[in-house]
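**Q** First the structure, which I've put down as structure tokens, then a few questions once you've had a look.
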Amino acid sequence: MAVCARLCGVGPSRGCRRRQQRRGPAETAAADSEPDTDPEEELIEAGSAALSGAGDDRSAGPSSPPRCSLLELPPELLVEIFASLPGTDLPSLAQVCTKFRRILHTDTIWRRRCREEYGVCENLRKLEITGVSCRDVYAKLLHRYRHILGLWQPDIGPYGGLLNVVVDGLFIIGWMYLPPHDPHVDDPMRFKPLFRIHLMERKSATVECMYGHRGPHNGHVQIVKKDEFSTKCNQTDHHRMSGGRQEEFRTWLREEWGRTLEDIFHEHMQELILMKFIYTSQYDNCLTYRRIYLPPSRPDDLIRPGLFKGTYGSHGLEIVMLSFHGKHARGTKITGDPNIPAGQQTVEIDLRHRIQLPDAESLHDFNELSRVVLEVREQVRQEQEKEQEGGPEDVEGLGQQSPQPCEEPPAEPAQAPGDGGAVAAAEPPAQSGQGQPFVLPVGVSSRNEDYPRTCRMCFYGTGLIAGHGFTSPERTPGVFVLFDEDRFGFIWLELKSFSLYSRVQAAFRNADAPSPQAFEEMLKNIQSFTS
């Protein structure tokens with residue numbers, strides 16, 4: 001407060017107008033000629049002069065710095081200055097003096113803060129009708145609920161999910177993002193609202209549950225702690241349908257899978273679908289959410305990291321986050337299933353071991369592909385043993401004993417299909433080469449037969465498999481296949497199946513990690529919830 005008082009020319013500073021008026025001319029000159037020994041006061045007074053663009057002509061001598069008070073500026077200029085400050089600083093500024101407090105009631109200031117900080121382009125006529133000001137919108141809606149904006153993962157047992165909380169006009173809306181209907185992995189994401197918060201009167205914001213088919217109804221949002229909040233529906237009867245659970249199930253099935261139960265002939269798949277409906281519907285939109293971040297991007301990443309939709313057999317499409325960690329890449333499940341829950345690391349790619357696939361004719365033979373992958377797995381095992389015995393220097397030497405397929409022209413058939421080695425490229429690997437023909441070996445199943453027929457490169461990787469209830473989890477060998485910037489695949493060797501992944505084409509605000517360490521900590525946290 002003392003700093004603000006000095007900046008605006010009021011209070012106990014040496015330049016106070018009232019004190020100068022009470023002094024005589026001789027006392028004023030003597031006071032102004034005293035040496036200034038406070039460097040902080042020099043910065044404050046210099047900053048005040050720079051903001052106002054004018055000095056104080058009533059100085060005692062040529063050596064005294066010019067003085068100016070913000071209180072002397074016209075109100076329209078103060079409005080421009082205050083509107084450029086962060087909204088969180090304005091309440092403190094209002095405590096400086098009555099003039100500042102009165103000016104800070106100007107809606108122009110808060111309209112700009114709403115637009116620049118939260119991207120709000122409000123409907124002014126609607127605001128006038130409801131009697132709500134931009135200051136109310138900022139203080140009682142945007143600022144109060146700012147901590148829930150961004151990406152979140154709901155705690156729905158093994159299934160997880162992806163919630164995006166955004167400012168949408170004069171509302172804050174929580175959108176649940178859903179994968180497209182199986183197996184159309186390249187289709188855009190679907191989304192539905194779970195809750196919304198808005199300000200219809202000046203008292204406080206209203207929270208409404210959007211779950212069900214009977215319109216918005218009373219709900220509640222509670223910020224539990226940092227990076228965690230919960231929602232509660234206060235009128236769960238709005239979630240019920242007149243036709244009972246059968247009608248609710250048929251409606252859910254059409255929304256979730258885009259089909260009826262009669263269209264699904266696979267008995268195991270029917271069981272999985274029914275199990276998911278029973279499990280997820282019991283929550284009635286009373287959920288706890290934990291914050292997730294998008295992975296940070298680096299210039300040397302294989303492709304741009306981010307969110308992808310992937311095919312997972314009878315479980316349908318699931319959302320996976322691809323991130324890069326030095327010489328490895330990871331695919332972490334954002335949505336999951338009873339076998340591999342959300343939060344678990346579904347695939348891991350070893351970027352040190354690139355695999356040169358056999359020619360297209362030989363690739364049809366599953367045994368040939370299996371031989372290539374198992375040879376690389378043995379090499380990885382030897383390197384791990386060597387690393388435990390002698391350190392990373394010996395491992396690098398071992399990795400360079402075999403020819404490196406990445407040095408061969410990508411379009412030419414491999415001379416030694418089983419060889420692998422460290423990748424060393426002058427440019428990002430995904431942008432080099434013209435690609436090579438790709439076809440799934442005979443006997444490898446795929447939910448989507450419309451996969452690309454050329455790939456840029458392949459790497460050795462492992463995939464996580466487990467029994468129902470995440471029992472007996474183990475990592476098994478496989479092949480990571482990079483098709484282009486937005487698509488990749490994974491061949492599960494032991495399961496003889498293929499998963500195709502396609503990038504989620506959506507822009508997410510408030511989703512960047514504050515630091516790489518924060519992102520790594522987030523990955524550990526979401527994995528521990530389902531371990």
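Every chain in the structure tokens takes a letter, A first, then B, and so on in the order presented; its residues are numbered from 1, and the ligands are numbered from 1 following the presented order.
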Within 7 Å of Phe171 (chain A), counting only C-alpha atoms, which residues show up once you throw out same-chain ones fewer than 3 positions away? Write them as a list in words, please.
**A**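 Using only C-alpha atoms, the neighbours found are Val167, Asp168, Arg196, Ile197 and His198 of chain A.
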**Q** Would you pick out the contacts of Ser502 (chain A) at 9 Å or less, using only C-alpha atoms, so that residues sharing its chain but fewer than 4 positions from it are not included, and give the list as a ChimeraX atom specification?
**A** /A:185-187,307-310,486-489
**Q** For those residues, write N, CA and C atoms to a file as a PDB file, in the first residue's frame.
**A**
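out-v6.pdb, freshly written:
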```pdb
ATOM      1  N   VAL A 185     -11.226 -44.606 -36.979  1.00  0.00           N
ATOM      2  CA  VAL A 185     -10.239 -43.912 -36.162  1.00  0.00           C
ATOM      3  C   VAL A 185      -9.888 -42.533 -36.720  1.00  0.00           C
ATOM      4  N   ASP A 186     -10.077 -42.312 -38.017  1.00  0.00           N
ATOM      5  CA  ASP A 186      -9.744 -41.020 -38.619  1.00  0.00           C
ATOM      6  C   ASP A 186     -10.874 -40.001 -38.498  1.00  0.00           C
ATOM      7  N   ASP A 187     -12.048 -40.422 -38.037  1.00  0.00           N
ATOM      8  CA  ASP A 187     -13.159 -39.478 -37.867  1.00  0.00           C
ATOM      9  C   ASP A 187     -12.859 -38.518 -36.715  1.00  0.00           C
ATOM     10  N   LEU A 307      -2.301 -36.091 -28.353  1.00  0.00           N
ATOM     11  CA  LEU A 307      -3.354 -37.077 -28.123  1.00  0.00           C
ATOM     12  C   LEU A 307      -3.713 -37.783 -29.423  1.00  0.00           C
ATOM     13  N   PHE A 308      -3.951 -39.095 -29.328  1.00  0.00           N
ATOM     14  CA  PHE A 308      -4.284 -39.919 -30.488  1.00  0.00           C
ATOM     15  C   PHE A 308      -5.448 -40.840 -30.141  1.00  0.00           C
ATOM     16  N   LYS A 309      -6.239 -41.190 -31.167  1.00  0.00           N
ATOM     17  CA  LYS A 309      -7.290 -42.200 -31.038  1.00  0.00           C
ATOM     18  C   LYS A 309      -6.736 -43.515 -31.556  1.00  0.00           C
ATOM     19  N   GLY A 310      -6.933 -44.600 -30.823  1.00  0.00           N
ATOM     20  CA  GLY A 310      -6.382 -45.891 -31.228  1.00  0.00           C
ATOM     21  C   GLY A 310      -7.390 -47.008 -31.126  1.00  0.00           C
ATOM     22  N   ASP A 486       0.625 -37.652 -38.489  1.00  0.00           N
ATOM     23  CA  ASP A 486      -0.606 -37.768 -37.720  1.00  0.00           C
ATOM     24  C   ASP A 486      -1.077 -39.199 -37.496  1.00  0.00           C
ATOM     25  N   ARG A 487      -0.341 -40.202 -37.981  1.00  0.00           N
ATOM     26  CA  ARG A 487      -0.785 -41.592 -37.811  1.00  0.00           C
ATOM     27  C   ARG A 487       0.397 -42.516 -37.540  1.00  0.00           C
ATOM     28  N   PHE A 488       0.170 -43.452 -36.639  1.00  0.00           N
ATOM     29  CA  PHE A 488       1.154 -44.506 -36.407  1.00  0.00           C
ATOM     30  C   PHE A 488       0.394 -45.778 -36.031  1.00  0.00           C
ATOM     31  N   GLY A 489       1.115 -46.879 -36.004  1.00  0.00           N
ATOM     32  CA  GLY A 489       0.500 -48.153 -35.667  1.00  0.00           C
ATOM     33  C   GLY A 489       1.392 -48.956 -34.751  1.00  0.00           C
TER      34      GLY A 489
END
```
**Q** Tell me, as a list in words, which residues lie within 7 Å of region 208-221 of chain A, counting only C-alpha atoms; anything in the same chain fewer than 4 positions away does not count.
**A**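 The neighbour list is Pro193, Leu194, Phe195, Arg196, Ile197, Ser230, Thr231, Lys232, Cys233, Asn234, Gln235, His238, His239 and Asn285 of chain A.
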**Q** Could you dump the residues just selected with all heavy atoms as a CSV table (one decimal), in the first residue's frame?
**A**
```
chain,number,residue,atom,x,y,z
A,193,PRO,N,-21.6,-32.1,-23.3
A,193,PRO,CA,-21.4,-31.3,-22.1
A,193,PRO,C,-21.8,-32.1,-20.9
A,193,PRO,O,-22.9,-32.8,-20.9
A,193,PRO,CB,-22.4,-30.1,-22.3
A,193,PRO,CG,-23.5,-30.6,-23.2
A,193,PRO,CD,-22.8,-31.7,-24.1
A,194,LEU,N,-21.0,-32.0,-19.8
A,194,LEU,CA,-21.3,-32.6,-18.5
A,194,LEU,C,-21.8,-31.6,-17.5
A,194,LEU,O,-22.7,-31.9,-16.7
A,194,LEU,CB,-20.1,-33.4,-18.0
A,194,LEU,CG,-19.7,-34.6,-18.7
A,194,LEU,CD1,-18.6,-35.4,-17.9
A,194,LEU,CD2,-20.8,-35.5,-19.1
A,195,PHE,N,-21.3,-30.4,-17.6
A,195,PHE,CA,-21.8,-29.4,-16.7
A,195,PHE,C,-21.5,-28.0,-17.3
A,195,PHE,O,-20.7,-27.9,-18.2
A,195,PHE,CB,-21.1,-29.5,-15.3
A,195,PHE,CG,-19.6,-29.2,-15.3
A,195,PHE,CD1,-19.1,-27.9,-15.2
A,195,PHE,CD2,-18.7,-30.3,-15.4
A,195,PHE,CE1,-17.7,-27.7,-15.2
A,195,PHE,CE2,-17.4,-30.1,-15.4
A,195,PHE,CZ,-16.9,-28.8,-15.3
A,196,ARG,N,-22.2,-27.0,-16.8
A,196,ARG,CA,-21.9,-25.6,-17.2
A,196,ARG,C,-22.1,-24.7,-16.0
A,196,ARG,O,-22.9,-24.9,-15.1
A,196,ARG,CB,-22.8,-25.2,-18.3
A,196,ARG,CG,-24.2,-25.0,-18.0
A,196,ARG,CD,-25.0,-24.6,-19.2
A,196,ARG,NE,-26.4,-24.2,-18.9
A,196,ARG,CZ,-27.3,-23.9,-19.8
A,196,ARG,NH1,-27.0,-23.9,-21.1
A,196,ARG,NH2,-28.6,-23.6,-19.4
A,197,ILE,N,-21.3,-23.6,-16.0
A,197,ILE,CA,-21.4,-22.5,-15.0
A,197,ILE,C,-21.7,-21.2,-15.7
A,197,ILE,O,-21.0,-20.9,-16.7
A,197,ILE,CB,-20.1,-22.5,-14.2
A,197,ILE,CG1,-19.7,-23.9,-13.7
A,197,ILE,CG2,-20.3,-21.6,-13.0
A,197,ILE,CD1,-18.3,-23.9,-13.1
A,230,SER,N,-14.2,-31.7,-8.1
A,230,SER,CA,-15.3,-32.7,-8.2
A,230,SER,C,-16.6,-32.0,-8.6
A,230,SER,O,-16.8,-30.8,-8.4
A,230,SER,CB,-15.5,-33.4,-6.8
A,230,SER,OG,-15.9,-32.5,-5.8
A,231,THR,N,-17.5,-32.8,-9.2
A,231,THR,CA,-18.8,-32.4,-9.6
A,231,THR,C,-19.8,-33.3,-8.9
A,231,THR,O,-19.6,-34.4,-8.7
A,231,THR,CB,-19.0,-32.4,-11.1
A,231,THR,OG1,-18.8,-33.8,-11.6
A,231,THR,CG2,-18.0,-31.5,-11.8
A,232,LYS,N,-21.0,-32.7,-8.7
A,232,LYS,CA,-22.1,-33.4,-8.0
A,232,LYS,C,-23.4,-32.9,-8.6
A,232,LYS,O,-23.6,-31.8,-8.8
A,232,LYS,CB,-22.1,-33.2,-6.5
A,232,LYS,CG,-23.2,-33.9,-5.8
A,232,LYS,CD,-23.2,-33.6,-4.3
A,232,LYS,CE,-24.3,-34.4,-3.6
A,232,LYS,NZ,-24.3,-34.1,-2.1
A,233,CYS,N,-24.2,-33.9,-9.0
A,233,CYS,CA,-25.6,-33.6,-9.5
A,233,CYS,C,-26.5,-33.6,-8.3
A,233,CYS,O,-26.6,-34.6,-7.5
A,233,CYS,CB,-26.0,-34.6,-10.5
A,233,CYS,SG,-27.7,-34.3,-11.1
A,234,ASN,N,-27.3,-32.6,-8.1
A,234,ASN,CA,-28.3,-32.5,-7.0
A,234,ASN,C,-29.7,-33.0,-7.4
A,234,ASN,O,-30.6,-33.0,-6.5
A,234,ASN,CB,-28.4,-31.1,-6.5
A,234,ASN,CG,-27.0,-30.6,-5.9
A,234,ASN,OD1,-26.3,-31.4,-5.3
A,234,ASN,ND2,-26.7,-29.3,-6.0
A,235,GLN,N,-29.9,-33.3,-8.7
A,235,GLN,CA,-31.2,-33.8,-9.1
A,235,GLN,C,-31.0,-35.0,-10.1
A,235,GLN,O,-31.2,-34.9,-11.3
A,235,GLN,CB,-31.9,-32.7,-9.8
A,235,GLN,CG,-32.3,-31.5,-8.9
A,235,GLN,CD,-33.0,-30.4,-9.7
A,235,GLN,OE1,-32.3,-29.7,-10.5
A,235,GLN,NE2,-34.3,-30.2,-9.6
A,238,HIS,N,-33.2,-36.4,-13.0
A,238,HIS,CA,-33.2,-35.9,-14.3
A,238,HIS,C,-32.4,-36.9,-15.3
A,238,HIS,O,-32.5,-36.7,-16.5
A,238,HIS,CB,-32.6,-34.5,-14.4
A,238,HIS,CG,-33.6,-33.4,-14.0
A,238,HIS,ND1,-34.1,-33.4,-12.7
A,238,HIS,CD2,-34.1,-32.4,-14.7
A,238,HIS,CE1,-34.9,-32.3,-12.7
A,238,HIS,NE2,-34.9,-31.7,-13.8
A,239,HIS,N,-31.7,-37.8,-14.7
A,239,HIS,CA,-30.9,-38.7,-15.5
A,239,HIS,C,-31.7,-39.9,-15.9
A,239,HIS,O,-31.3,-40.7,-16.8
A,239,HIS,CB,-29.6,-39.2,-14.8
A,239,HIS,CG,-28.8,-38.1,-14.3
A,239,HIS,ND1,-27.7,-38.3,-13.4
A,239,HIS,CD2,-28.8,-36.8,-14.5
A,239,HIS,CE1,-27.2,-37.1,-13.1
A,239,HIS,NE2,-27.8,-36.2,-13.8
A,285,ASN,N,-22.8,-38.7,-12.9
A,285,ASN,CA,-22.1,-37.4,-13.0
A,285,ASN,C,-21.6,-36.9,-11.7
A,285,ASN,O,-21.3,-35.7,-11.6
A,285,ASN,CB,-23.0,-36.4,-13.8
A,285,ASN,CG,-22.1,-35.4,-14.5
A,285,ASN,OD1,-21.0,-35.6,-14.9
A,285,ASN,ND2,-22.7,-34.2,-14.8
```
**Q** Hey, what does DSSP flag as strand (DSSP E) within region 101-155 of chain A? Can you give it to me as a list in words?
**A**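 DSSP on the backbone gives strand (DSSP E) at Gly150, Leu151, Trp152, Gln153 and Pro154 of chain A.
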**Q** Near region 317-330 of chain A, counting only C-alpha atoms, which residues have an atom at most 7 Å away, once you skip same-chain residues fewer than 5 positions from it, shown as a list of chain:residue names?
**A**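 Surrounding residues, per the criterion: A:Pro179, A:Asp182, A:Pro183, A:Pro295, A:Asp301, A:Pro305, A:Gly306, A:Leu307, A:Phe308, A:Lys309, A:Gly310, A:Thr311, A:Tyr312, A:Thr335, A:Gly336, A:Gln345, A:Val347, A:Glu348, A:Ile349, A:Asp350, A:Leu351, A:Arg352.
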**Q** Which is closer to Ser133 (chain A) than all the others in A:Leu261, A:Leu199, A:Ala83, A:Met189, using only C-alpha atoms?
**A**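 Smallest separation from Ser133 (chain A) among the options: A:Leu199.
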**Q** I need the alpha helix (DSSP H) residues of region 77-167 of chain A per DSSP on the backbone, written as an MDAnalysis selection string.
**A** chainID A and resid 77:83 90:94 98:103 107:118 124:130 134:136
**Q** Could you check the closest approach to His468 (chain A) for each of A:Gln517, A:Pro341, A:Arg371, A:Pro441 and tell me which residue wins, using only C-alpha atoms?
**A**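 Smallest distance to His468 (chain A) is found for A:Pro341.
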**Q** Return the single residue from A:Pro180, A:Gly343, A:Gly467, A:Pro154 that is closest to Gln527 (chain A), with distances computed using only C-alpha atoms.
**A** A:Gly343
